[in-house]
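Quick look at upload07.txt (compact mmCIF, C-alpha atoms):
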# COMPACT_ATOMS: atom_id res chain seq x y z
CA MET C 27 127.48 -65.78 -11.67
CA CYS C 28 124.54 -65.97 -14.06
CA ARG C 29 122.79 -68.32 -11.67
CA LEU C 30 123.39 -65.95 -8.80
CA LYS C 31 121.88 -63.05 -10.74
CA LYS C 32 118.82 -65.15 -11.38
CA LEU C 33 118.61 -65.98 -7.72
CA LEU C 34 118.68 -62.27 -6.92
CA LEU C 35 116.01 -61.44 -9.44
CA VAL C 36 113.49 -64.03 -8.31
CA PRO C 37 112.75 -62.52 -4.89
CA LEU C 38 112.67 -59.05 -6.39
CA VAL C 39 110.06 -60.09 -8.89
CA VAL C 40 108.06 -61.97 -6.28
CA GLY C 41 108.32 -59.02 -3.94
CA GLY C 42 107.18 -56.70 -6.64
CA LEU C 43 104.19 -58.89 -7.27
CA PHE C 44 103.34 -58.87 -3.56
CA ALA C 45 103.53 -55.09 -3.43
CA THR C 46 101.30 -54.81 -6.46
CA GLY C 47 98.83 -57.16 -4.89
CA ILE C 48 98.67 -55.08 -1.74
CA ALA C 49 98.19 -51.91 -3.72
CA PHE C 50 95.41 -53.53 -5.69
CA ALA C 51 93.71 -54.77 -2.55
CA ALA C 52 93.84 -51.32 -1.01
CA TRP C 53 92.51 -49.76 -4.13
CA THR C 54 89.64 -52.18 -4.22
CA SER C 55 88.80 -51.76 -0.57
CA SER C 56 88.82 -48.00 -0.60
CA GLY C 57 86.60 -47.82 -3.60
CA SER C 58 88.64 -45.01 -5.03
CA GLY C 59 90.54 -44.85 -8.27
CA THR C 60 94.03 -43.94 -7.21
CA ALA C 61 96.86 -46.33 -6.78
CA ALA C 62 98.21 -45.02 -3.51
CA PRO C 63 96.32 -46.60 -0.63
CA LYS C 64 95.89 -43.53 1.62
CA SER C 65 93.31 -42.72 4.25
CA THR C 66 91.73 -40.14 1.97
CA THR C 67 90.80 -42.89 -0.43
CA SER C 68 88.74 -44.70 2.19
CA ILE C 69 85.12 -43.81 2.66
CA ASN C 70 84.76 -41.97 5.93
CA SER C 71 82.46 -43.34 8.59
CA THR C 72 79.51 -41.56 10.10
CA ILE C 73 78.86 -41.32 13.83
CA SER C 74 75.17 -41.41 14.65
CA PRO C 75 73.54 -40.75 18.02
CA GLY C 76 72.39 -43.88 19.79
CA THR C 77 70.44 -44.31 22.96
CA SER C 78 70.42 -41.73 25.72
CA SER C 79 68.15 -41.59 28.70
CA ALA C 80 67.07 -38.22 30.06
CA ASP C 81 69.14 -38.43 33.18
CA LEU C 82 71.56 -35.50 33.18
CA TYR C 83 71.26 -32.81 35.83
CA PRO C 84 73.71 -30.23 37.20
CA GLY C 85 76.93 -31.97 38.20
CA ALA C 86 75.80 -35.39 37.00
CA SER C 87 77.55 -37.89 34.74
CA SER C 88 75.91 -40.46 32.56
CA THR C 89 76.52 -42.55 29.46
CA VAL C 90 75.34 -42.30 25.89
CA THR C 91 75.93 -44.56 22.93
CA VAL C 92 76.94 -43.74 19.40
CA THR C 93 76.85 -45.92 16.32
CA VAL C 94 79.74 -45.85 13.86
CA ASN C 95 79.03 -47.20 10.40
CA ASN C 96 81.55 -48.79 8.09
CA PRO C 97 80.76 -47.91 4.48
CA ASN C 98 83.86 -49.74 3.28
CA PRO C 99 83.87 -53.28 1.90
CA TYR C 100 86.42 -54.42 4.47
CA PRO C 101 86.40 -54.61 8.26
CA ILE C 102 87.61 -51.66 10.34
CA VAL C 103 88.29 -50.74 13.93
CA VAL C 104 87.68 -47.41 15.63
CA THR C 105 90.93 -46.46 17.29
CA SER C 106 89.86 -43.28 19.10
CA ILE C 107 86.90 -40.97 19.61
CA SER C 108 87.34 -37.29 20.38
CA SER C 109 85.84 -35.42 23.30
CA GLY C 110 82.76 -33.37 22.49
CA SER C 111 80.94 -30.32 23.73
CA SER C 112 77.34 -29.18 23.34
CA ALA C 113 76.21 -26.05 21.52
CA LEU C 114 73.87 -23.36 22.85
CA VAL C 115 70.36 -24.70 23.37
CA ASN C 116 67.06 -23.17 24.47
CA THR C 117 68.37 -19.59 24.10
CA SER C 118 70.32 -19.46 27.34
CA CYS C 119 71.63 -22.93 28.10
CA THR C 120 75.19 -22.09 27.20
CA ALA C 121 77.54 -23.98 24.91
CA GLY C 122 79.70 -26.48 26.72
CA THR C 123 77.09 -27.30 29.34
CA VAL C 124 77.23 -30.96 28.32
CA THR C 125 80.48 -32.68 27.38
CA THR C 126 81.56 -36.19 26.46
CA ASP C 127 84.91 -37.66 27.40
CA ALA C 128 87.44 -38.60 24.76
CA VAL C 129 88.17 -42.28 24.33
CA PRO C 130 91.96 -42.50 24.08
CA ASN C 131 93.75 -44.12 21.21
CA ASP C 132 93.88 -47.90 21.12
CA SER C 133 95.51 -49.17 17.95
CA SER C 134 93.90 -52.57 18.40
CA GLY C 135 90.46 -50.96 18.28
CA LEU C 136 88.13 -49.59 20.92
CA LEU C 137 85.87 -52.01 22.68
CA GLN C 138 82.28 -51.73 21.62
CA SER C 139 79.36 -51.45 24.02
CA ASP C 140 79.01 -55.21 24.24
CA GLY C 141 82.36 -55.29 26.02
CA SER C 142 84.03 -57.75 23.66
CA THR C 143 83.81 -56.68 20.03
CA ARG C 144 86.43 -54.43 18.48
CA THR C 145 85.93 -54.93 14.75
CA ILE C 146 83.18 -53.48 12.57
CA SER C 147 82.51 -55.80 9.68
CA ALA C 148 82.39 -54.60 6.10
CA SER C 149 79.30 -52.44 5.62
CA GLY C 150 78.44 -53.05 9.26
CA THR C 151 78.02 -50.83 12.31
CA GLY C 152 79.53 -50.71 15.78
CA THR C 153 78.12 -49.23 18.96
CA TYR C 154 80.27 -47.42 21.50
CA THR C 155 79.49 -46.10 24.97
CA LEU C 156 80.69 -42.64 25.95
CA THR C 157 80.72 -40.92 29.31
CA THR C 158 78.92 -37.61 29.41
CA HIS C 159 78.76 -34.84 31.98
CA MET C 160 76.59 -31.83 32.75
CA SER C 161 78.17 -28.76 34.28
CA SER C 162 77.20 -28.09 37.89
CA SER C 163 76.45 -24.49 36.87
CA ALA C 164 73.89 -25.51 34.25
CA VAL C 165 71.15 -22.90 34.15
CA ASP C 166 67.45 -23.55 34.56
CA ALA C 167 66.95 -23.33 30.78
CA CYS C 168 68.89 -26.58 30.40
CA LYS C 169 66.16 -28.62 32.09
CA SER C 170 64.56 -31.29 29.90
CA GLN C 171 66.71 -30.31 26.93
CA THR C 172 68.40 -32.59 24.42
CA PHE C 173 72.02 -31.85 23.57
CA SER C 174 73.87 -32.72 20.41
CA VAL C 175 77.59 -33.20 20.94
CA SER C 176 79.87 -33.18 17.88
CA LEU C 177 82.48 -35.93 17.71
CA THR C 178 85.20 -37.21 15.45
CA ALA C 179 86.74 -40.66 15.35
CA THR C 180 89.83 -42.20 13.87
CA ILE C 181 89.44 -45.49 12.08
CA ALA C 182 91.79 -48.10 10.76
CA SER C 183 91.41 -51.33 8.87
CA ALA C 184 91.03 -54.40 11.01
CA MET M 10 126.68 -62.02 -3.35
CA ARG M 11 125.00 -63.68 -0.42
CA ARG M 12 124.82 -60.27 1.31
CA ALA M 13 123.13 -58.74 -1.72
CA LEU M 14 120.61 -61.53 -1.74
CA THR M 15 119.78 -61.01 1.93
CA LEU M 16 119.36 -57.26 1.40
CA ALA M 17 117.04 -57.81 -1.54
CA LEU M 18 114.87 -60.14 0.50
CA ALA M 19 114.71 -57.67 3.38
CA VAL M 20 113.62 -54.83 1.09
CA VAL M 21 110.96 -57.01 -0.48
CA ALA M 22 109.64 -57.95 2.94
CA LEU M 23 109.45 -54.35 4.13
CA VAL M 24 107.70 -52.82 1.14
CA PRO M 25 104.30 -54.49 1.46
CA ALA M 26 104.27 -54.06 5.24
CA ALA M 27 104.74 -50.32 4.98
CA ARG M 28 102.10 -49.96 2.30
CA ALA M 29 99.55 -52.01 4.18
CA ASP M 30 99.97 -49.84 7.24
CA ALA M 31 99.55 -46.64 5.27
CA ALA M 32 96.50 -47.92 3.50
CA TRP M 33 94.00 -48.31 6.23
CA THR M 34 93.26 -45.17 8.07
CA ALA M 35 90.12 -43.09 7.79
CA ALA M 36 88.02 -40.72 9.81
CA GLY M 37 84.52 -40.55 11.19
CA SER M 38 82.42 -37.62 12.24
CA GLY M 39 78.97 -37.08 13.65
CA SER M 40 77.39 -36.55 17.00
CA ALA M 41 76.17 -38.05 20.23
CA ARG M 42 72.94 -37.09 21.88
CA ALA M 43 72.46 -36.52 25.61
CA SER M 44 69.31 -35.51 27.42
CA ALA M 45 68.65 -33.66 30.62
CA THR M 46 66.00 -34.45 33.15
CA THR M 47 64.18 -32.02 35.40
CA VAL M 48 63.37 -31.47 39.08
CA ALA M 49 60.08 -32.88 40.25
CA PRO M 50 57.90 -30.46 42.20
CA THR M 51 56.99 -30.99 45.81
CA GLY M 52 53.84 -32.70 46.94
CA THR M 53 50.95 -30.79 48.43
CA LEU M 54 51.73 -27.55 50.27
CA THR M 55 49.65 -26.70 53.33
CA SER M 56 49.71 -23.70 55.67
CA SER M 57 48.97 -22.92 59.29
CA CYS M 58 49.60 -19.99 61.57
CA GLY M 59 53.08 -19.92 63.08
CA THR M 60 53.78 -19.58 66.74
CA LEU M 61 54.91 -16.04 66.11
CA GLN M 62 51.58 -14.22 65.80
CA ALA M 63 52.12 -12.67 62.39
CA SER M 64 53.95 -15.62 60.85
CA VAL M 65 52.80 -18.43 58.62
CA LYS M 66 53.97 -22.01 58.84
CA LEU M 67 54.21 -23.98 55.61
CA THR M 68 54.53 -27.75 55.28
CA TRP M 69 54.94 -29.77 52.12
CA THR M 70 55.65 -33.26 50.91
CA ALA M 71 59.20 -33.80 49.68
CA THR M 72 60.04 -33.86 46.00
CA SER M 73 60.54 -37.27 44.47
CA THR M 74 63.84 -36.09 42.95
CA PRO M 75 66.56 -37.74 45.04
CA TRP M 76 69.31 -35.34 43.98
CA ALA M 77 67.40 -32.14 44.79
CA ASP M 78 69.53 -29.97 47.03
CA GLY M 79 66.88 -27.81 48.67
CA TYR M 80 63.61 -25.93 48.52
CA GLU M 81 62.77 -22.36 47.68
CA ILE M 82 59.80 -20.86 49.48
CA ARG M 83 58.27 -17.87 47.75
CA TRP M 84 55.53 -15.47 48.80
CA GLY M 85 53.88 -12.21 47.86
CA THR M 86 50.70 -10.22 48.24
CA SER M 87 49.31 -11.09 44.81
CA SER M 88 48.37 -14.58 43.73
CA GLY M 89 51.02 -16.04 41.44
CA SER M 90 53.40 -13.11 41.98
CA TYR M 91 56.06 -13.76 44.57
CA THR M 92 58.31 -10.96 45.73
CA SER M 93 60.02 -12.60 48.70
CA SER M 94 61.78 -15.90 49.07
CA ALA M 95 63.75 -18.08 51.43
CA THR M 96 65.54 -21.40 51.04
CA THR M 97 65.83 -24.55 53.10
CA SER M 98 67.89 -27.69 52.80
CA SER M 99 66.61 -30.75 51.00
CA THR M 100 65.93 -32.45 54.32
CA SER M 101 63.45 -29.80 55.45
CA THR M 102 59.80 -30.03 54.55
CA SER M 103 58.53 -27.11 56.58
CA PHE M 104 59.22 -23.43 56.93
CA THR M 105 57.95 -20.63 59.15
CA SER M 106 57.88 -17.18 57.64
CA PRO M 107 59.18 -14.12 59.42
CA ALA M 108 56.57 -11.82 60.96
CA LEU M 109 54.52 -10.35 58.15
CA ALA M 110 52.78 -6.99 57.83
CA LEU M 111 49.01 -6.81 57.62
CA GLY M 112 47.59 -8.24 54.41
CA THR M 113 46.93 -11.41 52.53
CA TYR M 114 49.93 -13.48 51.45
CA TYR M 115 50.24 -16.17 48.82
CA PHE M 116 52.84 -18.91 49.13
CA ALA M 117 54.36 -21.56 46.90
CA VAL M 118 57.36 -23.87 47.17
CA ARG M 119 59.63 -25.37 44.57
CA ALA M 120 62.47 -27.87 44.73
CA THR M 121 65.96 -26.87 43.63
CA LYS M 122 69.17 -28.33 42.30
CA GLY M 123 71.89 -25.77 41.68
CA ASN M 124 70.34 -23.22 39.34
CA TRP M 125 67.44 -25.48 38.49
CA ARG M 126 63.95 -24.94 39.86
CA SER M 127 61.01 -27.29 39.77
CA ALA M 128 57.52 -26.14 38.91
CA ASN M 129 55.74 -24.40 41.76
CA SER M 130 53.72 -26.36 44.25
CA ASN M 131 50.08 -25.54 44.72
CA GLU M 132 49.55 -22.07 46.11
CA VAL M 133 48.22 -21.43 49.61
CA SER M 134 47.27 -18.13 51.26
CA ARG M 135 47.00 -16.69 54.73
CA THR M 136 45.89 -13.27 55.99
CA ILE M 137 47.51 -11.20 58.69
CA VAL M 138 44.94 -9.05 60.50
CA SER M 139 45.18 -6.64 63.38
CA VAL M 140 43.90 -7.98 66.69
CA LEU M 141 44.07 -5.38 69.40
CA GLY M 142 46.69 -3.60 67.36
CA VAL M 143 48.81 -6.71 66.93
CA GLY M 144 49.36 -8.48 63.57
CA THR M 145 47.83 -11.91 63.82
CA CYS M 146 47.68 -14.79 61.36
CA VAL M 147 44.21 -16.11 60.64
In structure tokens, what does this structure look like?
Amino acid sequence: MCRLKKLLLVPLVVGGLFATGIAFAAWTSSGSGTAAPKSTTSINSTISPGTSSADLYPGASSTVTVTVNNPNPYPIVVTSISSGSSALVNTSCTAGTVTTDAVPNDSSGLLQSDGSTRTISASGTGTYTLTTHMSSSAVDACKSQTFSVSLTATIASA
Amino acid sequence: MRRALTLALAVVALVPAARADAAWTAAGSGSARASATTVAPTGTLTSSCGTLQASVKLTWTATSTPWADGYEIRWGTSSGSYTSSATTSSTSTSFTSPALALGTYYFAVRATKGNWRSANSNEVSRTIVSVLGVGTCV
């Protein structure tokens, strides 16, 4: 009976040590000071505009790239990117004239612009291609304008 | 006892898995940048007198913008100020005005795409005079 109790305790202790180790790793990776490894303890990424050629016109679609940085000391994947919509520009080129499509959730990580990479290394960056559209009713004031489209992304550890 | 042991092992195995999953989510925010192009103007606009005596025929070189959907022809009696207009398809590169009243008329053409307009072409002018009481382009 005493031997059996010991047998029961060993895995519990080992398991406890494992759990502690995980918690410590999460704490370290997030750079925060709390024990619970939550998303709020990770450092959020920033989405920066990448390349875009001046090729939108009424009714046209094109592509733009964005760069997502990883300020965390561990690799991450971007699992989704929201749709986006432009704000008012040039006084009368109305909000929503330019939109970008959402990239639906992929828990294994979205493919980057190179077509093969999914992971962003620690302190690295990843580039993603988005499809963009200009409304067919875009007014004349939209000609030759540059549009900023706000986006959000969800990110998970790799 | 064996059942208790199995249960303990299962609990131990589940705990780290659940924590690892909860640990690694975050967010990102920022923006993308997209840019719009413009409609290229037509090439040189020239004028001649139309077959209808008081009309003016205009001919121009097509815009280099492949997605242009038409042309807008504009005219008026003051240079640079156009009070009348007509449109043609993108495959047309000429236009004959309706019969005009006596006076000097100034013309320009611009390419279109939806609500977009290119810059004006060069301006040309023609005068309608009275010949034996009939308006005639000269």
Each residue of chain M lying at most 6 Å from chain C should get a row with its shortest atom-to-atom pair and the distance in Å to one decimal, counting all atoms listed in the file; could you produce that, ordered by chain and increasing number, as CSV?
residue,atom,partner,partner_atom,distance
M:Leu14,CA,C:Leu34,CA,5.6
M:Val21,CA,C:Gly41,CA,4.8
M:Pro25,CA,C:Ala45,CA,5.0
M:Ala32,CA,C:Pro63,CA,4.3
M:Trp33,CA,C:Ser183,CA,4.8
M:Thr34,CA,C:Ala182,CA,4.2
M:Ala35,CA,C:Ser65,CA,4.8
M:Ala36,CA,C:Thr180,CA,4.7
M:Gly37,CA,C:Ser71,CA,4.3
M:Ser38,CA,C:Thr178,CA,4.3
M:Gly39,CA,C:Ile73,CA,4.2
M:Ser40,CA,C:Ser176,CA,4.3
M:Ala41,CA,C:Pro75,CA,4.4
M:Arg42,CA,C:Ser174,CA,4.7
M:Ala43,CA,C:Phe173,CA,5.1
M:Ser44,CA,C:Thr172,CA,4.3
M:Ala45,CA,C:Leu82,CA,4.3
M:Thr46,CA,C:Ser170,CA,4.8
M:Thr47,CA,C:Lys169,CA,5.1
M:Asn124,CA,C:Val165,CA,5.3
M:Trp125,CA,C:Asp166,CA,4.4
Response to the item:
A straight line from CA of Asp78 (chain M) to CA of Thr120 (chain C) spans 22.1 Å
Padding 4 Å on every side, please: axis-aligned box over the listed atoms of region 119-132 of chain M, centre and edge lengths to one decimal in Å, as JSON.
{"center_x": 60.7, "center_y": -25.2, "center_z": 42.3, "size_x": 30.3, "size_y": 14.3, "size_z": 15.6}
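Pairwise distance (CA of Ser57 (chain M), CA of Ser87 (chain M)) equals 18.7 Å.
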Discussion item. Could you list, as a PyMOL selection string, every residue within 8 Å of Val133 (chain M), counting only C-alpha atoms and ignoring same-chain residues fewer than 2 positions away?
Written reply: chain M and resi 54-56+115-117+131+135
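One finds CA of Thr70 (chain M) at 8.8 Å from CA of Ser103 (chain M).
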Worksheet item: Taking all atoms listed in the file into account, which of M:Gly123, M:Ser73, M:Trp84, M:Tyr114 comes nearest Ile137 (chain M)?
Response: M:Tyr114
Worksheet item: Residues at most 12 Å from Pro107 (chain M), counting only C-alpha atoms, excluding those fewer than 4 positions away in the same chain, as a VMD selection string?
Response: chain M and resid 58 to 67 84 93 to 95 146
Item to complete: Show which residues sit within 9 Å of Thr97 (chain M), as JSON, numbers by chain. Count only C-alpha atoms, and ignore same-chain residues fewer than 5 positions away.
Response: {"M": [78, 79, 80, 81, 82, 102, 103, 104]}
